[in-house]
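**Student:** Just protein-v4.cif, nothing more (mmCIF, C-alpha atoms):
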```cif
data_coords
loop_
_atom_site.group_PDB
_atom_site.id
_atom_site.type_symbol
_atom_site.label_atom_id
_atom_site.label_comp_id
_atom_site.auth_asym_id
_atom_site.auth_seq_id
_atom_site.Cartn_x
_atom_site.Cartn_y
_atom_site.Cartn_z
ATOM 1 C CA MET D 1 26.992 -184.926 83.631
ATOM 2 C CA ALA D 2 30.328 -184.165 85.210
ATOM 3 C CA VAL D 3 33.443 -185.841 83.885
ATOM 4 C CA ASP D 4 34.697 -188.789 85.885
ATOM 5 C CA LEU D 5 38.172 -187.680 86.884
ATOM 6 C CA ARG D 6 39.094 -191.280 87.652
ATOM 7 C CA MET D 7 39.157 -192.066 83.930
ATOM 8 C CA PRO D 8 42.527 -193.372 82.728
ATOM 9 C CA VAL D 9 44.471 -190.705 80.866
ATOM 10 C CA LEU D 10 47.456 -191.464 78.639
ATOM 11 C CA ILE D 11 50.065 -188.734 78.179
ATOM 12 C CA VAL D 12 52.606 -189.169 75.384
ATOM 13 C CA ASP D 13 55.829 -187.169 75.176
ATOM 14 C CA ASP D 14 59.474 -187.992 74.567
ATOM 15 C CA TYR D 15 60.596 -185.392 77.122
ATOM 16 C CA ARG D 16 60.468 -186.765 80.659
ATOM 17 C CA THR D 17 60.184 -183.224 81.997
ATOM 18 C CA MET D 18 57.017 -182.617 79.968
ATOM 19 C CA LEU D 19 55.520 -185.919 81.121
ATOM 20 C CA ARG D 20 56.092 -184.849 84.715
ATOM 21 C CA ILE D 21 54.693 -181.362 84.120
ATOM 22 C CA VAL D 22 51.526 -182.607 82.387
ATOM 23 C CA ARG D 23 51.095 -185.351 84.995
ATOM 24 C CA ASN D 24 51.368 -182.788 87.814
ATOM 25 C CA LEU D 25 48.951 -180.411 86.102
ATOM 26 C CA LEU D 26 46.444 -183.239 85.570
ATOM 27 C CA ASN D 27 46.836 -184.241 89.207
ATOM 28 C CA LYS D 28 46.147 -180.675 90.220
ATOM 29 C CA ILE D 29 42.972 -180.664 88.120
ATOM 30 C CA GLY D 30 41.930 -183.862 89.879
ATOM 31 C CA PHE D 31 42.753 -186.711 87.489
ATOM 32 C CA THR D 32 44.017 -189.698 89.434
ATOM 33 C CA ASP D 33 44.749 -192.443 86.892
ATOM 34 C CA ILE D 34 47.531 -191.168 84.635
ATOM 35 C CA ASP D 35 49.692 -193.365 82.430
ATOM 36 C CA GLU D 36 52.661 -192.372 80.257
ATOM 37 C CA ALA D 37 54.286 -193.323 76.949
ATOM 38 C CA THR D 38 57.375 -191.826 75.332
ATOM 39 C CA ASP D 39 56.396 -192.152 71.672
ATOM 40 C CA GLY D 40 53.436 -192.978 69.447
ATOM 41 C CA LYS D 41 54.321 -196.642 69.067
ATOM 42 C CA GLU D 42 54.446 -197.289 72.801
ATOM 43 C CA ALA D 43 51.239 -195.277 73.214
ATOM 44 C CA LEU D 44 49.411 -197.310 70.577
ATOM 45 C CA GLU D 45 50.415 -200.556 72.275
ATOM 46 C CA LYS D 46 49.065 -199.233 75.577
ATOM 47 C CA LEU D 47 45.856 -197.956 73.976
ATOM 48 C CA ARG D 48 45.185 -201.391 72.506
ATOM 49 C CA LYS D 49 45.703 -203.117 75.846
ATOM 50 C CA ARG D 50 43.656 -200.853 78.105
ATOM 51 C CA THR D 51 40.633 -198.556 77.812
ATOM 52 C CA TYR D 52 41.583 -194.896 78.267
ATOM 53 C CA GLY D 53 39.292 -191.896 78.462
ATOM 54 C CA LEU D 54 41.707 -189.344 77.022
ATOM 55 C CA VAL D 55 45.033 -189.074 75.178
ATOM 56 C CA ILE D 56 47.268 -186.014 75.498
ATOM 57 C CA SER D 57 50.086 -186.285 72.984
ATOM 58 C CA ASP D 58 53.122 -184.388 71.788
ATOM 59 C CA TRP D 59 53.677 -184.266 68.010
ATOM 60 C CA ASN D 60 57.416 -184.533 67.415
ATOM 61 C CA MET D 61 58.552 -187.975 68.606
ATOM 62 C CA GLN D 62 60.387 -190.968 67.168
ATOM 63 C CA PRO D 63 59.831 -193.621 65.932
ATOM 64 C CA MET D 64 56.120 -192.769 65.715
ATOM 65 C CA THR D 65 55.005 -189.135 65.882
ATOM 66 C CA GLY D 66 51.908 -187.915 67.673
ATOM 67 C CA PHE D 67 50.349 -187.132 64.304
ATOM 68 C CA GLU D 68 50.859 -190.724 63.145
ATOM 69 C CA LEU D 69 49.438 -191.905 66.457
ATOM 70 C CA LEU D 70 46.365 -189.718 65.915
ATOM 71 C CA LYS D 71 45.799 -191.209 62.461
ATOM 72 C CA GLU D 72 46.246 -194.753 63.824
ATOM 73 C CA VAL D 73 43.755 -194.031 66.606
ATOM 74 C CA ARG D 74 41.165 -192.576 64.241
ATOM 75 C CA GLY D 75 41.623 -195.494 61.870
ATOM 76 C CA ASP D 76 41.105 -198.087 64.580
ATOM 77 C CA ALA D 77 37.446 -199.011 65.059
ATOM 78 C CA GLY D 78 37.976 -199.643 68.777
ATOM 79 C CA LEU D 79 39.713 -196.324 69.411
ATOM 80 C CA SER D 80 38.256 -193.967 66.816
ATOM 81 C CA SER D 81 36.096 -191.987 69.258
ATOM 82 C CA LEU D 82 38.803 -191.584 71.902
ATOM 83 C CA PRO D 83 39.297 -187.894 72.847
ATOM 84 C CA PHE D 84 42.709 -186.838 71.555
ATOM 85 C CA VAL D 85 44.442 -183.581 72.486
ATOM 86 C CA MET D 86 47.668 -182.542 70.766
ATOM 87 C CA VAL D 87 50.100 -180.602 72.965
ATOM 88 C CA THR D 88 52.997 -179.444 70.839
ATOM 89 C CA ALA D 89 55.477 -176.752 69.909
ATOM 90 C CA GLU D 90 54.527 -177.262 66.245
ATOM 91 C CA SER D 91 52.650 -174.018 65.732
ATOM 92 C CA LYS D 92 52.325 -173.678 61.971
ATOM 93 C CA ALA D 93 48.874 -173.405 60.439
ATOM 94 C CA GLU D 94 49.570 -176.443 58.231
ATOM 95 C CA ASN D 95 50.122 -178.553 61.355
ATOM 96 C CA VAL D 96 46.896 -177.398 62.990
ATOM 97 C CA ILE D 97 44.924 -177.994 59.788
ATOM 98 C CA ALA D 98 46.488 -181.434 59.269
ATOM 99 C CA ALA D 99 45.697 -182.394 62.865
ATOM 100 C CA ARG D 100 42.149 -181.062 62.532
ATOM 101 C CA GLN D 101 41.612 -183.044 59.345
ATOM 102 C CA ALA D 102 42.999 -186.138 61.055
ATOM 103 C CA GLY D 103 40.406 -185.711 63.805
ATOM 104 C CA VAL D 104 42.165 -184.072 66.741
ATOM 105 C CA ASN D 105 39.799 -182.825 69.457
ATOM 106 C CA ASN D 106 41.962 -179.931 70.563
ATOM 107 C CA TYR D 107 45.392 -178.475 69.963
ATOM 108 C CA ILE D 108 47.509 -176.760 72.602
ATOM 109 C CA ILE D 109 50.657 -174.814 71.800
ATOM 110 C CA LYS D 110 53.683 -175.255 74.066
ATOM 111 C CA PRO D 111 54.537 -173.627 76.362
ATOM 112 C CA PHE D 112 51.101 -173.518 77.939
ATOM 113 C CA SER D 113 49.661 -172.672 81.317
ATOM 114 C CA ALA D 114 47.655 -174.854 83.679
ATOM 115 C CA GLU D 115 44.645 -172.650 82.928
ATOM 116 C CA VAL D 116 44.895 -173.263 79.169
ATOM 117 C CA LEU D 117 45.176 -177.030 79.684
ATOM 118 C CA LYS D 118 42.183 -177.029 82.009
ATOM 119 C CA ALA D 119 40.088 -174.918 79.633
ATOM 120 C CA LYS D 120 40.879 -177.123 76.628
ATOM 121 C CA LEU D 121 40.149 -180.323 78.538
ATOM 122 C CA LYS D 122 36.798 -178.864 79.569
ATOM 123 C CA THR D 123 36.075 -178.136 75.902
ATOM 124 C CA VAL D 124 36.862 -181.730 74.971
ATOM 125 C CA LEU D 125 35.462 -183.658 77.946
ATOM 126 C CA GLY D 126 32.855 -181.339 79.417
ATOM 127 C CA ASP D 127 32.755 -179.665 82.810
ATOM 128 C CA PHE D 128 34.615 -181.067 85.805
ATOM 129 C CA MET I 129 118.641 -178.073 24.140
ATOM 130 C CA LYS I 130 117.579 -175.232 26.395
ATOM 131 C CA ASN I 131 114.188 -175.037 24.612
ATOM 132 C CA LEU I 132 113.653 -178.735 25.192
ATOM 133 C CA ARG I 133 114.423 -178.310 28.910
ATOM 134 C CA ASP I 134 112.026 -175.328 29.098
ATOM 135 C CA HIS I 135 109.394 -177.345 27.297
ATOM 136 C CA GLY I 136 109.697 -180.127 29.899
ATOM 137 C CA LEU I 137 109.440 -177.590 32.719
ATOM 138 C CA VAL I 138 106.295 -176.030 31.231
ATOM 139 C CA GLU I 139 104.726 -179.454 30.856
ATOM 140 C CA ARG I 140 105.515 -180.329 34.460
ATOM 141 C CA LEU I 141 104.169 -176.994 35.715
ATOM 142 C CA THR I 142 101.015 -177.446 33.642
ATOM 143 C CA ASP I 143 100.480 -180.940 35.108
ATOM 144 C CA GLU I 144 100.976 -179.577 38.613
ATOM 145 C CA CYS I 145 98.477 -176.775 37.955
ATOM 146 C CA ILE I 146 95.950 -179.310 36.693
ATOM 147 C CA ASP I 147 96.526 -181.511 39.774
ATOM 148 C CA LEU I 148 96.146 -178.471 42.005
ATOM 149 C CA TYR I 149 92.927 -177.522 40.233
ATOM 150 C CA LYS I 150 91.618 -181.055 40.695
ATOM 151 C CA ILE I 151 92.415 -180.985 44.408
ATOM 152 C CA VAL I 152 90.778 -177.579 44.903
ATOM 153 C CA PHE I 153 87.766 -178.627 42.847
ATOM 154 C CA HIS I 154 87.448 -181.889 44.772
ATOM 155 C CA ARG I 155 87.783 -180.166 48.141
ATOM 156 C CA ARG I 156 85.249 -177.548 47.111
ATOM 157 C CA GLN I 157 82.741 -180.341 46.482
ATOM 158 C CA HIS I 158 83.027 -181.252 50.162
ATOM 159 C CA LEU I 159 82.236 -177.695 51.140
ATOM 160 C CA LYS I 160 79.344 -177.464 48.693
ATOM 161 C CA PRO I 161 76.647 -178.089 51.312
ATOM 162 C CA LEU I 162 78.032 -175.273 53.470
ATOM 163 C CA LEU I 163 78.491 -172.859 50.582
ATOM 164 C CA ASP I 164 74.971 -173.460 49.326
ATOM 165 C CA PRO I 165 73.126 -170.128 49.820
ATOM 166 C CA SER I 166 70.029 -171.963 51.066
ATOM 167 C CA PHE I 167 72.097 -173.531 53.874
ATOM 168 C CA ARG I 168 73.599 -170.224 54.920
ATOM 169 C CA THR I 169 70.361 -168.251 54.802
ATOM 170 C CA GLY I 170 68.236 -171.179 55.986
ATOM 171 C CA GLU I 171 69.655 -173.756 58.370
ATOM 172 C CA LEU I 172 72.645 -171.768 59.583
ATOM 173 C CA LYS I 173 70.683 -168.574 60.166
ATOM 174 C CA ARG I 174 67.918 -170.518 61.860
ATOM 175 C CA ALA I 175 70.434 -172.306 64.119
ATOM 176 C CA ILE I 176 71.779 -168.953 65.276
ATOM 177 C CA GLU I 177 68.261 -167.639 65.900
ATOM 178 C CA GLU I 178 67.305 -170.851 67.742
ATOM 179 C CA GLN I 179 70.274 -170.390 70.078
ATOM 180 C CA ARG I 180 69.412 -166.754 70.691
ATOM 181 C CA THR I 181 65.758 -167.589 71.339
ATOM 182 C CA ALA I 182 66.615 -170.541 73.593
ATOM 183 C CA ARG I 183 68.867 -168.305 75.683
ATOM 184 C CA GLY I 184 66.017 -165.802 76.085
ATOM 185 C CA GLU I 185 63.529 -168.528 76.993
ATOM 186 C CA MET I 186 65.906 -169.942 79.612
ATOM 187 C CA GLU I 187 66.293 -166.510 81.156
ATOM 188 C CA VAL I 188 62.514 -166.075 81.351
ATOM 189 C CA ALA I 189 62.075 -169.554 82.858
ATOM 190 C CA VAL I 190 64.782 -169.063 85.470
ATOM 191 C CA ASP I 191 63.289 -165.682 86.342
ATOM 192 C CA ARG I 192 59.855 -167.287 86.867
ATOM 193 C CA ILE I 193 61.318 -170.122 88.971
ATOM 194 C CA LEU I 194 63.376 -167.764 91.114
ATOM 195 C CA GLY I 195 60.393 -165.438 91.485
ATOM 196 C CA ALA I 196 58.218 -168.291 92.697
ATOM 197 C CA ALA I 197 60.939 -169.461 95.099
ATOM 198 C CA GLU I 198 61.282 -165.929 96.484
ATOM 199 C CA ARG I 199 57.511 -165.730 96.957
ATOM 200 C CA MET I 200 57.600 -169.039 98.843
ATOM 201 C CA MET I 201 60.272 -167.668 101.164
ATOM 202 C CA THR I 202 58.036 -164.772 102.173
ATOM 203 C CA ILE I 203 54.847 -166.753 102.813
ATOM 204 C CA ASP I 204 53.179 -165.917 106.104
ATOM 205 C CA PHE I 205 52.444 -169.246 107.756
ATOM 206 C CA SER I 206 50.378 -167.680 110.534
ATOM 207 C CA ASN I 207 47.398 -168.261 108.222
ATOM 208 C CA PRO I 208 47.843 -171.935 107.214
ATOM 209 C CA GLU I 209 45.003 -171.964 104.676
ATOM 210 C CA ALA I 210 46.248 -168.904 102.774
ATOM 211 C CA ALA I 211 49.813 -170.192 103.053
ATOM 212 C CA ALA I 212 48.824 -173.537 101.519
ATOM 213 C CA THR I 213 47.121 -171.790 98.599
ATOM 214 C CA GLU I 214 50.131 -169.554 98.036
ATOM 215 C CA MET I 215 52.481 -172.556 98.185
ATOM 216 C CA SER I 216 50.341 -174.437 95.686
ATOM 217 C CA ASP I 217 50.314 -171.434 93.317
ATOM 218 C CA CYS I 218 54.096 -171.110 93.547
ATOM 219 C CA CYS I 219 54.563 -174.836 92.845
ATOM 220 C CA GLY I 220 52.284 -174.517 89.818
ATOM 221 C CA GLU I 221 54.304 -171.541 88.598
ATOM 222 C CA ILE I 222 57.539 -173.549 88.904
ATOM 223 C CA MET I 223 56.043 -176.530 87.064
ATOM 224 C CA GLU I 224 54.798 -174.373 84.202
ATOM 225 C CA ALA I 225 58.140 -172.594 83.927
ATOM 226 C CA CYS I 226 59.979 -175.934 83.740
ATOM 227 C CA SER I 227 58.314 -176.661 80.402
ATOM 228 C CA PHE I 228 61.051 -174.483 78.880
ATOM 229 C CA GLN I 229 63.268 -177.587 78.919
ATOM 230 C CA ASP I 230 61.140 -179.229 76.240
ATOM 231 C CA ILE I 231 61.067 -176.174 73.981
ATOM 232 C CA THR I 232 64.740 -175.292 74.336
ATOM 233 C CA GLY I 233 65.594 -178.973 73.951
ATOM 234 C CA GLN I 234 63.910 -178.983 70.559
ATOM 235 C CA ARG I 235 65.666 -175.756 69.596
ATOM 236 C CA LEU I 236 69.028 -177.246 70.571
ATOM 237 C CA SER I 237 68.232 -180.364 68.539
ATOM 238 C CA GLN I 238 67.791 -178.169 65.455
ATOM 239 C CA THR I 239 71.165 -176.563 66.121
ATOM 240 C CA ILE I 240 72.822 -179.929 66.702
ATOM 241 C CA GLU I 241 71.489 -181.106 63.326
ATOM 242 C CA THR I 242 73.011 -178.050 61.628
ATOM 243 C CA LEU I 243 76.341 -178.559 63.389
ATOM 244 C CA ARG I 244 76.264 -182.199 62.341
ATOM 245 C CA ILE I 245 76.049 -181.085 58.699
ATOM 246 C CA VAL I 246 78.998 -178.732 59.198
ATOM 247 C CA ASP I 247 80.930 -181.479 60.958
ATOM 248 C CA LYS I 248 80.207 -183.969 58.182
ATOM 249 C CA SER I 249 81.396 -181.548 55.508
ATOM 250 C CA LEU I 250 84.582 -180.789 57.419
ATOM 251 C CA ASP I 251 85.178 -184.496 57.917
ATOM 252 C CA ALA I 252 84.800 -185.074 54.198
ATOM 253 C CA LEU I 253 87.140 -182.185 53.483
ATOM 254 C CA ASP I 254 89.677 -183.753 55.767
ATOM 255 C CA GLY I 255 89.491 -186.926 53.738
ATOM 256 C CA ASP I 256 87.860 -188.942 56.520
ATOM 257 C CA CYS I 257 84.585 -189.337 54.702
ATOM 258 C CA ALA I 258 83.911 -190.359 51.164
ATOM 259 C CA SER I 259 81.687 -187.520 50.061
ATOM 260 C CA ALA I 260 79.468 -184.815 51.417
ATOM 261 C CA ASP I 261 77.476 -184.575 48.218
ATOM 262 C CA GLU I 262 74.406 -186.227 49.710
ATOM 263 C CA THR I 263 74.266 -183.955 52.732
ATOM 264 C CA PRO I 264 71.786 -181.394 51.300
ATOM 265 C CA ASN I 265 69.121 -184.098 51.057
ATOM 266 C CA GLU I 266 69.388 -184.615 54.798
ATOM 267 C CA LEU I 267 68.636 -180.954 55.448
ATOM 268 C CA SER I 268 64.990 -181.290 54.594
ATOM 269 C CA ASP I 269 62.753 -182.111 57.527
ATOM 270 C CA GLU I 270 59.541 -184.006 57.212
ATOM 271 C CA SER I 271 57.219 -181.278 56.012
ATOM 272 C CA LEU I 272 55.255 -181.201 59.249
ATOM 273 C CA LEU I 273 58.162 -181.591 61.650
ATOM 274 C CA ASN I 274 59.384 -178.041 62.077
ATOM 275 C CA GLY I 275 59.905 -177.891 65.833
ATOM 276 C CA PRO I 276 59.170 -174.780 67.868
ATOM 277 C CA ALA I 277 58.628 -171.670 65.791
ATOM 278 C CA LEU I 278 60.896 -168.691 66.224
ATOM 279 C CA PRO I 279 59.231 -165.648 67.801
ATOM 280 C CA GLY I 280 56.743 -164.115 65.391
ATOM 281 C CA ASN I 281 56.761 -167.110 63.043
ATOM 282 C CA GLY I 282 54.262 -169.498 64.637
ATOM 283 C CA LEU I 283 50.600 -169.287 65.531
ATOM 284 C CA GLY I 284 49.448 -168.227 68.989
ATOM 285 C CA GLN I 285 46.896 -170.285 70.929
ATOM 286 C CA ASP I 286 44.077 -167.930 69.873
ATOM 287 C CA SER I 287 44.863 -168.444 66.178
ATOM 288 C CA VAL I 288 45.046 -172.203 66.710
ATOM 289 C CA ASP I 289 41.640 -172.127 68.410
ATOM 290 C CA ALA I 290 40.226 -170.131 65.491
ATOM 291 C CA LEU I 291 41.654 -172.614 62.960
ATOM 292 C CA LEU I 292 40.187 -175.541 64.866
ATOM 293 C CA ALA I 293 36.815 -173.824 65.152
ATOM 294 C CA ALA I 294 36.841 -173.043 61.421
ATOM 295 C CA GLY I 295 36.983 -176.755 60.679
ATOM 296 C CA LYS I 296 34.041 -177.702 62.861
ATOM 297 C CA LYS I 297 30.713 -178.445 61.280
ATOM 298 C CA PRO I 298 28.052 -175.826 62.141
#
```
Give the structure from this file in structure tokens form.
**Tutor:**
Amino acid sequence: MAVDLRMPVLIVDDYRTMLRIVRNLLNKIGFTDIDEATDGKEALEKLRKRTYGLVISDWNMQPMTGFELLKEVRGDAGLSSLPFVMVTAESKAENVIAARQAGVNNYIIKPFSAEVLKAKLKTVLGDF
Amino acid sequence: MKNLRDHGLVERLTDECIDLYKIVFHRRQHLKPLLDPSFRTGELKRAIEEQRTARGEMEVAVDRILGAAERMMTIDFSNPEAAATEMSDCCGEIMEACSFQDITGQRLSQTIETLRIVDKSLDALDGDCASADETPNELSDESLLNGPALPGNGLGQDSVDALLAAGKKP
């Protein structure tokens, strides 16, 4: 079954430029319902108020990092199965392993291309 | 009488030398964070490399943006469908290239943090701050918050994919 591109997607990044870039790339892929948060805390509040189909999050943010957000999401019974993609400049093996152990669905290194984002989202969500 | 005068002079000179030593020793404490070999070979060296790398990344990004803009200027609009595709590709290229702002922003943040340490030590040396002794503790990042890796130091997307795949259950 093809992915419903109308699903709400939450992108989390403390850089406005990155939010715009990811939003534009998602629009180009065909996603239409895109929401934004600028740190993990704001994202968590949004996730608990509305049902999203996907989270795309940066790692390095304050006051709550993307990694902390991931752990909160996986520890929350209502959110634990939510697809979570980390998009970050943190490219050390220890980060990838920690994110994997915390339950991340995919991990994209910045800077990335539209093709990489599309391919990883297909891996996580299925074909669209 | 002369010996007594000389004795007083020696005492005074000795006291002044001790005071001078104390001042130098005290001031040196303020510079301790900067003189620490781990700061010079770690944070300071990294800050320099971050600046160098950020400059290179900005050049690459600007080159991509200008290249896309130049391509847009030469689009043949006599074929609207092909022109629209070409325009869309160029816009995508510009958007991707703009992601440099995030990466270089993080690199600059690392440098700012290093300069802040230098500034704090100089402030303390100037007598404006109480002590710079605690500064080294602030150098350590959270263990998983390293920011963008310098060229050759981080994993590529293929290695990340392999690490993720290695953790999946068969």
**Student:** Find the distance between atom CA of D:Gly78 and atom CA of D:Ala102 and write it in Å to one decimal.
**Tutor:**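 Interatomic distance here is 16.3 Å.
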**Student:** Given only C-alpha atoms as the basis, pick out the residue of D:Asp58, D:Glu94, D:Asp127, D:Asp76 nearest to chain I.
**Tutor:**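 Comparing D:Asp58, D:Glu94, D:Asp127, D:Asp76 against chain I, the winner is D:Glu94.
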**Student:** Run the PyMOL selection byres ((chain D) within 6 of (chain I)) against the file shown and list the residues it catches, as a ChimeraX atom specification.
**Tutor:** /D:21,89-92,109
**Student:** Generate a file of the selected residues that holds C-alpha atoms, formatted as a tab-separated table (two decimals), keeping the file's coordinate frame.
**Tutor:**
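Dumped to selection_16.tsv:
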```
chain	number	residue	atom	x	y	z
D	21	ILE	CA	54.69	-181.36	84.12
D	89	ALA	CA	55.48	-176.75	69.91
D	90	GLU	CA	54.53	-177.26	66.24
D	91	SER	CA	52.65	-174.02	65.73
D	92	LYS	CA	52.32	-173.68	61.97
D	109	ILE	CA	50.66	-174.81	71.80
```
**Student:** Measure the distance from atom CA of D:Val12 to atom CA of D:Asp39 in Å and round it to one decimal.
**Tutor:** 6.1 Å
**Student:** With all atoms listed in the file as the basis for distance, which of D:Tyr107, D:Lys41, D:Val3, D:Leu10 is at the shortest distance from D:Met64?
**Tutor:** D:Lys41
**Student:** Name the residues that the PyMOL selection byres ((chain D and resi 45-54) around 9) picks from the file above, as an mmCIF file with C-alpha atoms, keeping the file's coordinate frame, using the file's chain letters and numbers.
**Tutor:**
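Result file out-v4.cif:
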```
data_model
loop_
_atom_site.group_PDB
_atom_site.id
_atom_site.type_symbol
_atom_site.label_atom_id
_atom_site.label_comp_id
_atom_site.auth_asym_id
_atom_site.auth_seq_id
_atom_site.Cartn_x
_atom_site.Cartn_y
_atom_site.Cartn_z
ATOM 1 C CA MET D 7 39.157 -192.066 83.930
ATOM 2 C CA PRO D 8 42.527 -193.372 82.728
ATOM 3 C CA VAL D 9 44.471 -190.705 80.866
ATOM 4 C CA LEU D 10 47.456 -191.464 78.639
ATOM 5 C CA ILE D 11 50.065 -188.734 78.179
ATOM 6 C CA ALA D 37 54.286 -193.323 76.949
ATOM 7 C CA GLY D 40 53.436 -192.978 69.447
ATOM 8 C CA LYS D 41 54.321 -196.642 69.067
ATOM 9 C CA GLU D 42 54.446 -197.289 72.801
ATOM 10 C CA ALA D 43 51.239 -195.277 73.214
ATOM 11 C CA LEU D 44 49.411 -197.310 70.577
ATOM 12 C CA VAL D 55 45.033 -189.074 75.178
ATOM 13 C CA ILE D 56 47.268 -186.014 75.498
ATOM 14 C CA VAL D 73 43.755 -194.031 66.606
ATOM 15 C CA GLY D 78 37.976 -199.643 68.777
ATOM 16 C CA LEU D 79 39.713 -196.324 69.411
ATOM 17 C CA LEU D 82 38.803 -191.584 71.902
ATOM 18 C CA PRO D 83 39.297 -187.894 72.847
ATOM 19 C CA PHE D 84 42.709 -186.838 71.555
ATOM 20 C CA VAL D 85 44.442 -183.581 72.486
ATOM 21 C CA LEU D 125 35.462 -183.658 77.946
#
```
**Student:** For D:Gly103, which residue out of D:Ser80, D:Asn27, D:Thr32, D:Asn60 is the nearest one, using all atoms listed in the file?
**Tutor:**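 Ranked by minimum distance to D:Gly103, first place goes to D:Ser80.
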**Student:** One decimal, in Å: what's the spacing between atom CA of I:Ile176 and atom CA of I:Leu236?
**Tutor:**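 Rounded to one decimal, the two atoms are 10.2 Å apart.
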**Student:** For I:Ser249, work out the shell of residues within 7 Å, counting all atoms listed in the file and skipping chain neighbours fewer than 4 positions away, then give it as a PyMOL selection string.
**Tutor:** chain I and resi 158-159+245+253+260
**Student:** Using only C-alpha atoms, which protein or nucleic acid residues come within 10 Å of D:Leu25? Drop anything in the same chain fewer than 4 positions from it, and give the result as a tab-separated table (two decimals) with C-alpha atoms, in the frame of the given file.
**Tutor:**
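Everything below was put into out.tsv:
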```tsv
chain	number	residue	atom	x	y	z
D	19	LEU	CA	55.52	-185.92	81.12
D	20	ARG	CA	56.09	-184.85	84.72
D	21	ILE	CA	54.69	-181.36	84.12
D	29	ILE	CA	42.97	-180.66	88.12
D	30	GLY	CA	41.93	-183.86	89.88
D	31	PHE	CA	42.75	-186.71	87.49
D	113	SER	CA	49.66	-172.67	81.32
D	114	ALA	CA	47.66	-174.85	83.68
D	115	GLU	CA	44.64	-172.65	82.93
D	117	LEU	CA	45.18	-177.03	79.68
D	118	LYS	CA	42.18	-177.03	82.01
I	220	GLY	CA	52.28	-174.52	89.82
I	223	MET	CA	56.04	-176.53	87.06
I	224	GLU	CA	54.80	-174.37	84.20
```
**Student:** Counting only C-alpha atoms, which residues come within 10 Å of (64.5, -166.6, 70.6), with the point read in the file's coordinates, and could you list them as a list of chain:residue names?
**Tutor:**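 With a cut-off of 10 Å, the residues come to I:Ile176, I:Glu177, I:Glu178, I:Gln179, I:Arg180, I:Thr181, I:Ala182, I:Arg183, I:Gly184, I:Glu185, I:Met186, I:Thr232, I:Arg235, I:Ala277, I:Leu278, I:Pro279, I:Gly280.
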**Student:** Keeping only C-alpha atoms, write the selected residues to a file as a JSON list (two decimals), in the coordinates of the input.
**Tutor:**
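The result, written out as part-v5.json:
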```json
[["chain", "number", "residue", "atom", "x", "y", "z"],
["I", 176, "ILE", "CA", 71.78, -168.95, 65.28],
["I", 177, "GLU", "CA", 68.26, -167.64, 65.90],
["I", 178, "GLU", "CA", 67.31, -170.85, 67.74],
["I", 179, "GLN", "CA", 70.27, -170.39, 70.08],
["I", 180, "ARG", "CA", 69.41, -166.75, 70.69],
["I", 181, "THR", "CA", 65.76, -167.59, 71.34],
["I", 182, "ALA", "CA", 66.61, -170.54, 73.59],
["I", 183, "ARG", "CA", 68.87, -168.30, 75.68],
["I", 184, "GLY", "CA", 66.02, -165.80, 76.08],
["I", 185, "GLU", "CA", 63.53, -168.53, 76.99],
["I", 186, "MET", "CA", 65.91, -169.94, 79.61],
["I", 232, "THR", "CA", 64.74, -175.29, 74.34],
["I", 235, "ARG", "CA", 65.67, -175.76, 69.60],
["I", 277, "ALA", "CA", 58.63, -171.67, 65.79],
["I", 278, "LEU", "CA", 60.90, -168.69, 66.22],
["I", 279, "PRO", "CA", 59.23, -165.65, 67.80],
["I", 280, "GLY", "CA", 56.74, -164.12, 65.39]]
```
**Student:** Can you pull out every residue within 10 Å of I:Ala197, counting only C-alpha atoms, but drop anything in the same chain fewer than 2 positions away, and send it as a PyMOL selection string?
**Tutor:** chain I and resi 191-195+199-202+215+218-219+221-222
**Student:** Hey, can I get the axis-aligned box for stretch 49-65 of chain D? All listed atoms, 6 Å padding on each side, centre and edge lengths in Å to one decimal, as JSON.
**Tutor:**
```
{"center_x": 49.8, "center_y": -193.7, "center_z": 72.1, "size_x": 33.1, "size_y": 30.9, "size_z": 24.7}
```
